[in-house]
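Colleague: Just dropping this structure here.
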Amino acid sequence: MTLAVPTAVFPVAARYVAMAREVTAFGSPPTTGYYEIPVTGLSPDPKLGLMEDKALRGAMTSIFDLELAAYWTELTIPTSPVYGDTIGHILFNLFGDLTSTGTAGTPTWTTSAATAVGANSLTVTTGSSAVAGTYVQIDSSTLSEIVIVGTGSTSTSIALSASTPVRFAHASAVTVTTVTAPFTHVFSVLNPASATGSVSGQPPSHALVDRNQTAGSGNYWADVYPYACFSQIKLTGNATGLLTWEGSLTSWPQQAPASAITPTLSSVKSIPAWKGTSTIGGTGIYDIAEWTVTLTREVEPLPAIDGQQAPYVIARGPLDGTFTLNYSPATDQSALTNYLNSVRPTLLWTTTNGGSGAGEISFSLAAQIGAFNSAKLTPGKTLFGYDTAGILASNTVNIGQSGGWGPCQITLINAIPTF
């Protein structure tokens, strides 16, 4: 028998992954605002429970029925390059607290009334009407945020895009400034705080799109995973490789997109890790061959008797961090001393592309307390080194507008105005 040769196949090379923040509600995937997240792969693992009916029926068999239980998806992303623009979406999802500043331009305004969390407009003193599609920075310091100007602004009111409602509460008489690239974004753990409008410490959720083209992936050649919440990311700087990351996340069940997904593409390049610096206890260290930071967050899907298989809520718990440092070659015993004497130095890693202006890309991870819990002398091929590890202890320095405690902060400088 002659078999029919398939006329449609789905090459892995044509796959891409994209993300968009769910602005209106958890589990409500937007139709626009997606950014392509270049990764080396994606492994969805559907978690579908099956309940067996074993009630006795006077028969010599034991299983009479299978019924569907709760259903969610766990996804993993293998080691992939860090891109200084798109990594911000992952970090916002994991940390939850974000302050952003830009390069000041004109015009500027002053608010004439207090602004509440979730507001879609700013009341300002009389001035120039803001131009739709431009970016404005509200306030300063840890209250600083960048929003997109929508349509319908007047000389006394700045309309905001639906994708960027106000995230912080702002007082009257604060400055609103037109801003351009480069932008600086600081990610911190979100703690319950009235200024952020968060009483539960839950970061934003995202919709994840897997454009895999396989049959059955909807009318638009893609699978959508709403309510996606990262439970772990591991960041690595290796002297012979790129700055990389890998991650795990939990989401609602797979869905077909409601419309075609057209993500924003990025031209930002990956960065070799050798372009980075390592600072321990305020001193530059030059014999670090590899560093890793693993940030882990408790994530728990909680089903309810509410008429749907998907979890009622995917709850985010505490965020903690650990690190490893590979000294090679070891030029002294400072690595061992830090461990034996319970020295808890500050840790800072910065990797940059060396650009300037709108072309600047920089990634920095700062931890106020690096508590070493191991230090092993390791013979290499020709020289000795030390393999060390520790925890990023929570402190009151690595925090954002929500205050409280945090294990570390990550700062990005790029040409992306808002996440």
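Ordered as shown in the structure tokens, chains take letters A, B, and onward, while each chain numbers its residues from 1 and ligands are numbered from 1 in the order shown.
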Determine, counting only C-alpha atoms, which protein, DNA and RNA residues have an atom within 8 Å of an atom of segment 305-316 of chain A; residues of the same chain fewer than 3 positions away are not included. Present the result as a list in words.

Modeller: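 Once the adjacent positions are removed, what remains is Ala69, Ala70, Tyr71, Trp72, Gln202, Pro203, Tyr227, Cys229, Thr250, Ser251, Trp252, Pro253, Arg297, Glu298, Val299, Glu300, Pro301 and Leu302 of chain A.
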
Colleague: Next, write the just-selected residues to a file, as a CSV table (one decimal), in the first residue's frame, keeping C-alpha atoms as the atom set.

Modeller:
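Okay, part-v5.csv is ready:
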chain,number,residue,atom,x,y,z
A,69,ALA,CA,-9.4,16.2,37.9
A,70,ALA,CA,-7.8,19.6,38.1
A,71,TYR,CA,-5.6,20.6,35.3
A,72,TRP,CA,-2.6,23.0,34.9
A,202,GLN,CA,1.5,38.8,44.2
A,203,PRO,CA,3.6,39.8,41.2
A,227,TYR,CA,-1.6,32.9,34.2
A,229,CYS,CA,4.0,32.3,37.0
A,250,THR,CA,3.4,27.1,36.2
A,251,SER,CA,0.4,28.2,34.2
A,252,TRP,CA,-3.2,27.5,33.4
A,253,PRO,CA,-3.9,24.8,30.8
A,297,ARG,CA,9.8,31.2,44.5
A,298,GLU,CA,7.1,29.0,46.0
A,299,VAL,CA,4.3,28.6,43.4
A,300,GLU,CA,1.2,26.6,44.2
A,301,PRO,CA,-1.8,26.0,41.9
A,302,LEU,CA,-4.9,25.8,44.1

Colleague: Contacts between segment 169-186 of chain A and segment 298-409 of chain A, please, where a residue of segment 298-409 of chain A counts if it comes within 9 Å (with only C-alpha atoms); show its shortest atom pair and distance in Å to one decimal, rows by chain and ascending number, as JSON lines.

Modeller:
{"residue": "A:Ser356", "atom": "CA", "partner": "A:Pro182", "partner_atom": "CA", "distance": 8.3}
{"residue": "A:Gly357", "atom": "CA", "partner": "A:Pro182", "partner_atom": "CA", "distance": 5.7}
{"residue": "A:Ala358", "atom": "CA", "partner": "A:Pro182", "partner_atom": "CA", "distance": 4.7}
{"residue": "A:Gly359", "atom": "CA", "partner": "A:Pro182", "partner_atom": "CA", "distance": 7.4}
{"residue": "A:Glu360", "atom": "CA", "partner": "A:Pro182", "partner_atom": "CA", "distance": 6.8}
{"residue": "A:Ile361", "atom": "CA", "partner": "A:Pro182", "partner_atom": "CA", "distance": 8.6}
{"residue": "A:Gly400", "atom": "CA", "partner": "A:Val186", "partner_atom": "CA", "distance": 7.8}
{"residue": "A:Gln409", "atom": "CA", "partner": "A:Val186", "partner_atom": "CA", "distance": 6.8}

Colleague: Grab the residues selected above and save them as an mmCIF file, in the first residue's frame with N, CA and C atoms.

Modeller:
data_model
loop_
_atom_site.group_PDB
_atom_site.id
_atom_site.type_symbol
_atom_site.label_atom_id
_atom_site.label_comp_id
_atom_site.auth_asym_id
_atom_site.auth_seq_id
_atom_site.Cartn_x
_atom_site.Cartn_y
_atom_site.Cartn_z
ATOM 1 N N SER A 356 26.401 52.904 24.564
ATOM 2 C CA SER A 356 26.067 54.163 25.209
ATOM 3 C C SER A 356 24.735 54.665 24.663
ATOM 4 N N GLY A 357 24.119 55.607 25.383
ATOM 5 C CA GLY A 357 22.846 56.151 24.949
ATOM 6 C C GLY A 357 21.801 55.067 24.821
ATOM 7 N N ALA A 358 20.977 55.154 23.780
ATOM 8 C CA ALA A 358 19.923 54.168 23.575
ATOM 9 C C ALA A 358 20.477 52.787 23.262
ATOM 10 N N GLY A 359 21.761 52.702 22.938
ATOM 11 C CA GLY A 359 22.380 51.420 22.634
ATOM 12 C C GLY A 359 22.985 50.731 23.835
ATOM 13 N N GLU A 360 22.860 51.321 25.023
ATOM 14 C CA GLU A 360 23.452 50.718 26.212
ATOM 15 C C GLU A 360 22.584 49.567 26.713
ATOM 16 N N ILE A 361 23.236 48.437 26.980
ATOM 17 C CA ILE A 361 22.586 47.282 27.589
ATOM 18 C C ILE A 361 23.424 46.882 28.792
ATOM 19 N N GLY A 400 12.456 47.635 47.057
ATOM 20 C CA GLY A 400 11.899 48.675 46.203
ATOM 21 C C GLY A 400 10.860 49.493 46.939
ATOM 22 N N GLN A 409 18.551 42.618 44.352
ATOM 23 C CA GLN A 409 17.907 43.448 43.336
ATOM 24 C C GLN A 409 18.633 43.260 42.018
#

Colleague: Of the residues A:Thr24, A:Thr86, A:Thr2, A:Thr388, which is the one nearest to Leu265 of chain A, using only C-alpha atoms?

Modeller: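 Of A:Thr24, A:Thr86, A:Thr2, A:Thr388, the one nearest Leu265 of chain A is A:Thr86, counting only C-alpha atoms.
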
Colleague: Do you know which residues are at most 8 Å from segment 122-130 of chain A counting only C-alpha atoms, after dropping those on the same chain fewer than 6 positions away, and could you put them as a ChimeraX atom specification?

Modeller: /A:107,109-113,115,149,153-160

Colleague: Dump N, CA and C atoms for the selected residues as a PDB file, in the first residue's frame?

Modeller:
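Resulting contents of out.pdb:
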ATOM      1  N   PRO A 107       8.121  67.904  26.938  1.00  0.00           N
ATOM      2  CA  PRO A 107       7.784  68.797  28.050  1.00  0.00           C
ATOM      3  C   PRO A 107       7.693  68.068  29.380  1.00  0.00           C
ATOM      4  N   TRP A 109       5.436  68.241  33.344  1.00  0.00           N
ATOM      5  CA  TRP A 109       4.193  68.665  33.977  1.00  0.00           C
ATOM      6  C   TRP A 109       4.317  68.485  35.490  1.00  0.00           C
ATOM      7  N   THR A 110       3.330  68.978  36.216  1.00  0.00           N
ATOM      8  CA  THR A 110       3.205  68.750  37.650  1.00  0.00           C
ATOM      9  C   THR A 110       1.784  68.293  37.934  1.00  0.00           C
ATOM     10  N   THR A 111       1.659  67.205  38.697  1.00  0.00           N
ATOM     11  CA  THR A 111       0.304  66.730  38.992  1.00  0.00           C
ATOM     12  C   THR A 111      -0.417  67.729  39.890  1.00  0.00           C
ATOM     13  N   SER A 112      -1.690  67.898  39.630  1.00  0.00           N
ATOM     14  CA  SER A 112      -2.495  68.827  40.428  1.00  0.00           C
ATOM     15  C   SER A 112      -3.442  68.099  41.370  1.00  0.00           C
ATOM     16  N   ALA A 113      -3.351  66.774  41.395  1.00  0.00           N
ATOM     17  CA  ALA A 113      -4.168  65.963  42.302  1.00  0.00           C
ATOM     18  C   ALA A 113      -3.434  64.651  42.552  1.00  0.00           C
ATOM     19  N   THR A 115      -2.766  60.700  42.634  1.00  0.00           N
ATOM     20  CA  THR A 115      -3.056  59.666  41.631  1.00  0.00           C
ATOM     21  C   THR A 115      -3.131  58.312  42.315  1.00  0.00           C
ATOM     22  N   VAL A 149       1.723  57.244  27.012  1.00  0.00           N
ATOM     23  CA  VAL A 149       0.625  58.197  26.794  1.00  0.00           C
ATOM     24  C   VAL A 149      -0.369  57.609  25.799  1.00  0.00           C
ATOM     25  N   SER A 153      -5.450  63.102  25.387  1.00  0.00           N
ATOM     26  CA  SER A 153      -4.875  64.008  26.391  1.00  0.00           C
ATOM     27  C   SER A 153      -5.268  65.448  26.112  1.00  0.00           C
ATOM     28  N   THR A 154      -5.338  66.247  27.195  1.00  0.00           N
ATOM     29  CA  THR A 154      -5.588  67.676  27.071  1.00  0.00           C
ATOM     30  C   THR A 154      -4.482  68.423  27.813  1.00  0.00           C
ATOM     31  N   SER A 155      -4.609  69.724  27.901  1.00  0.00           N
ATOM     32  CA  SER A 155      -3.584  70.516  28.583  1.00  0.00           C
ATOM     33  C   SER A 155      -3.586  70.299  30.086  1.00  0.00           C
ATOM     34  N   THR A 156      -4.657  69.716  30.632  1.00  0.00           N
ATOM     35  CA  THR A 156      -4.726  69.485  32.080  1.00  0.00           C
ATOM     36  C   THR A 156      -4.919  68.015  32.444  1.00  0.00           C
ATOM     37  N   SER A 157      -4.872  67.144  31.438  1.00  0.00           N
ATOM     38  CA  SER A 157      -5.055  65.714  31.707  1.00  0.00           C
ATOM     39  C   SER A 157      -4.215  64.896  30.727  1.00  0.00           C
ATOM     40  N   ILE A 158      -3.457  63.965  31.258  1.00  0.00           N
ATOM     41  CA  ILE A 158      -2.657  63.066  30.415  1.00  0.00           C
ATOM     42  C   ILE A 158      -3.337  61.701  30.415  1.00  0.00           C
ATOM     43  N   ALA A 159      -3.857  61.303  29.259  1.00  0.00           N
ATOM     44  CA  ALA A 159      -4.478  59.989  29.126  1.00  0.00           C
ATOM     45  C   ALA A 159      -3.389  58.927  29.011  1.00  0.00           C
ATOM     46  N   LEU A 160      -3.605  57.763  29.631  1.00  0.00           N
ATOM     47  CA  LEU A 160      -2.616  56.687  29.617  1.00  0.00           C
ATOM     48  C   LEU A 160      -3.111  55.508  28.791  1.00  0.00           C
TER      49      LEU A 160
END

Colleague: With only C-alpha atoms as the counted atoms, please give the residues lying no more than 8 Å from Lys54 of chain A, apart from itself and same-chain residues fewer than 2 positions off, as a count of residues only.

Modeller: 6

Colleague: Assign secondary structure with DSSP using the backbone only, and return the residues of segment 43-163 of chain A in helix (DSSP H, G or I) as a PyMOL selection string.

Modeller: chain A and resi 87-95+141-143

Colleague: Generate a file of the selected residues that holds all heavy atoms, formatted as a short mmCIF file (atom, residue, chain, number, x, y, z; two decimals), in the first residue's frame.

Modeller:
data_model
loop_
_atom_site.label_atom_id
_atom_site.label_comp_id
_atom_site.auth_asym_id
_atom_site.auth_seq_id
_atom_site.Cartn_x
_atom_site.Cartn_y
_atom_site.Cartn_z
N ILE A 87 14.71 39.97 29.06
CA ILE A 87 14.82 39.33 30.37
C ILE A 87 13.99 40.09 31.41
O ILE A 87 13.58 39.53 32.44
CB ILE A 87 16.30 39.24 30.82
CG1 ILE A 87 16.46 38.33 32.05
CG2 ILE A 87 16.87 40.63 31.08
CD1 ILE A 87 16.16 36.89 31.81
N GLY A 88 13.70 41.36 31.15
CA GLY A 88 12.91 42.15 32.08
C GLY A 88 11.51 41.59 32.31
O GLY A 88 10.95 41.70 33.41
N HIS A 89 10.91 40.99 31.28
CA HIS A 89 9.58 40.41 31.45
C HIS A 89 9.61 39.25 32.44
O HIS A 89 8.72 39.12 33.28
CB HIS A 89 9.04 39.92 30.10
CG HIS A 89 8.92 41.00 29.07
ND1 HIS A 89 7.91 41.93 29.08
CD2 HIS A 89 9.71 41.32 28.00
CE1 HIS A 89 8.05 42.77 28.06
NE2 HIS A 89 9.15 42.41 27.40
N ILE A 90 10.65 38.43 32.35
CA ILE A 90 10.79 37.30 33.27
C ILE A 90 11.03 37.81 34.70
O ILE A 90 10.44 37.32 35.67
CB ILE A 90 11.94 36.38 32.82
CG1 ILE A 90 11.56 35.63 31.54
CG2 ILE A 90 12.31 35.38 33.91
CD1 ILE A 90 11.94 36.29 30.27
N LEU A 91 11.88 38.82 34.83
CA LEU A 91 12.21 39.34 36.16
C LEU A 91 11.00 40.01 36.81
O LEU A 91 10.79 39.87 38.02
CB LEU A 91 13.37 40.34 36.05
CG LEU A 91 14.70 39.77 35.55
CD1 LEU A 91 15.74 40.88 35.42
CD2 LEU A 91 15.21 38.67 36.46
N PHE A 92 10.21 40.73 36.05
CA PHE A 92 9.01 41.38 36.60
C PHE A 92 8.04 40.32 37.12
O PHE A 92 7.42 40.47 38.16
CB PHE A 92 8.35 42.25 35.53
CG PHE A 92 7.35 43.25 36.06
CD1 PHE A 92 7.29 43.57 37.41
CD2 PHE A 92 6.46 43.87 35.19
CE1 PHE A 92 6.36 44.50 37.88
CE2 PHE A 92 5.54 44.80 35.65
CZ PHE A 92 5.48 45.11 37.00
N ASN A 93 7.90 39.23 36.36
CA ASN A 93 7.02 38.14 36.76
C ASN A 93 7.50 37.49 38.06
O ASN A 93 6.69 37.13 38.92
CB ASN A 93 6.96 37.10 35.64
CG ASN A 93 5.98 35.98 35.91
OD1 ASN A 93 6.22 35.11 36.72
ND2 ASN A 93 4.87 36.00 35.19
N LEU A 94 8.80 37.36 38.23
CA LEU A 94 9.34 36.68 39.40
C LEU A 94 9.39 37.60 40.62
O LEU A 94 9.01 37.21 41.72
CB LEU A 94 10.75 36.16 39.10
CG LEU A 94 11.40 35.33 40.21
CD1 LEU A 94 10.78 33.94 40.28
CD2 LEU A 94 12.90 35.22 40.01
N PHE A 95 9.86 38.85 40.45
CA PHE A 95 10.05 39.76 41.57
C PHE A 95 8.77 40.50 41.94
O PHE A 95 8.39 40.56 43.11
CB PHE A 95 11.14 40.78 41.25
CG PHE A 95 12.54 40.27 41.40
CD1 PHE A 95 13.21 39.67 40.35
CD2 PHE A 95 13.21 40.42 42.61
CE1 PHE A 95 14.50 39.22 40.49
CE2 PHE A 95 14.50 39.97 42.76
CZ PHE A 95 15.16 39.37 41.70
N SER A 141 12.79 58.45 42.44
CA SER A 141 13.30 57.48 43.41
C SER A 141 12.52 56.17 43.31
O SER A 141 12.20 55.73 42.21
CB SER A 141 13.23 58.07 44.83
OG SER A 141 13.88 57.22 45.75
N THR A 142 12.20 55.52 44.44
CA THR A 142 11.52 54.24 44.39
C THR A 142 10.06 54.34 43.95
O THR A 142 9.41 53.32 43.72
CB THR A 142 11.58 53.53 45.75
OG1 THR A 142 10.98 54.37 46.75
CG2 THR A 142 13.02 53.22 46.14
N LEU A 143 9.52 55.56 43.85
CA LEU A 143 8.16 55.75 43.36
C LEU A 143 8.12 56.01 41.86
O LEU A 143 7.06 56.25 41.30
CB LEU A 143 7.49 56.93 44.09
CG LEU A 143 6.73 56.59 45.37
CD1 LEU A 143 6.28 57.86 46.08
CD2 LEU A 143 5.54 55.70 45.07
#

Colleague: So which residues touch Phe372 of chain A within 12 Å, counting only C-alpha atoms, skipping near sequence neighbours fewer than 6 positions away, as a PyMOL selection string?

Modeller: chain A and resi 280+322-325+334-347+387-393

Colleague: Write the selection just made, keeping C-alpha atoms, as a JSON list (two decimals), in the first residue's frame?

Modeller:
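Final output, part12.json:
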[["chain", "number", "residue", "atom", "x", "y", "z"],
["A", 280, "ILE", "CA", 32.77, 41.03, 46.66],
["A", 322, "THR", "CA", 21.36, 31.07, 46.51],
["A", 323, "PHE", "CA", 24.69, 31.59, 44.78],
["A", 324, "THR", "CA", 27.85, 29.77, 43.74],
["A", 325, "LEU", "CA", 31.28, 31.24, 43.00],
["A", 334, "SER", "CA", 39.88, 34.65, 50.83],
["A", 335, "ALA", "CA", 37.15, 32.30, 49.59],
["A", 336, "LEU", "CA", 37.85, 29.90, 52.46],
["A", 337, "THR", "CA", 38.18, 32.75, 54.97],
["A", 338, "ASN", "CA", 34.76, 34.12, 54.04],
["A", 339, "TYR", "CA", 33.26, 30.72, 54.85],
["A", 340, "LEU", "CA", 35.22, 29.87, 58.02],
["A", 341, "ASN", "CA", 34.80, 33.33, 59.58],
["A", 342, "SER", "CA", 31.15, 33.70, 58.54],
["A", 343, "VAL", "CA", 31.97, 36.81, 56.56],
["A", 344, "ARG", "CA", 28.83, 37.96, 54.77],
["A", 345, "PRO", "CA", 30.03, 40.39, 52.12],
["A", 346, "THR", "CA", 28.04, 42.34, 49.58],
["A", 347, "LEU", "CA", 27.95, 40.72, 46.14],
["A", 387, "ASP", "CA", 34.21, 26.15, 44.66],
["A", 388, "THR", "CA", 32.01, 28.12, 47.04],
["A", 389, "ALA", "CA", 28.29, 28.43, 47.64],
["A", 390, "GLY", "CA", 25.94, 30.36, 49.88],
["A", 391, "ILE", "CA", 22.60, 32.03, 50.35],
["A", 392, "LEU", "CA", 21.44, 35.54, 49.56],
["A", 393, "ALA", "CA", 20.14, 36.53, 52.98]]

Colleague: Just list as a count of residues only whatever in segment 155-370 of chain A DSSP marks as strand (DSSP E or B).

Modeller: 108

Colleague: Once you count only C-alpha atoms, what closest atom pair and distance in Å to one decimal does each residue of segment 167-275 of chain A within 10 Å of segment 284-288 of chain A have, with rows by chain and rising residue number, as a Markdown table?

Modeller:
| residue | atom | partner | partner_atom | distance |
| --- | --- | --- | --- | --- |
| A:Gly237 | CA | A:Ile288 | CA | 9.6 |
| A:Asn238 | CA | A:Ile288 | CA | 8.8 |
| A:Ala239 | CA | A:Ile288 | CA | 8.1 |

Colleague: Those same residues - N, CA, C and O atoms - I'd like them written as a PDB file, in the first residue's frame.

Modeller:
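What landed in part.pdb:
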ATOM      1  N   GLY A 237      26.966  33.365  34.838  1.00  0.00           N
ATOM      2  CA  GLY A 237      28.019  34.032  34.091  1.00  0.00           C
ATOM      3  C   GLY A 237      29.246  33.140  34.077  1.00  0.00           C
ATOM      4  O   GLY A 237      29.852  32.902  35.134  1.00  0.00           O
ATOM      5  N   ASN A 238      29.594  32.604  32.922  1.00  0.00           N
ATOM      6  CA  ASN A 238      30.748  31.716  32.784  1.00  0.00           C
ATOM      7  C   ASN A 238      31.766  32.378  31.862  1.00  0.00           C
ATOM      8  O   ASN A 238      31.405  32.858  30.779  1.00  0.00           O
ATOM      9  N   ALA A 239      33.015  32.399  32.284  1.00  0.00           N
ATOM     10  CA  ALA A 239      34.050  33.129  31.553  1.00  0.00           C
ATOM     11  C   ALA A 239      34.201  32.683  30.111  1.00  0.00           C
ATOM     12  O   ALA A 239      34.664  33.448  29.260  1.00  0.00           O
TER      13      ALA A 239
END
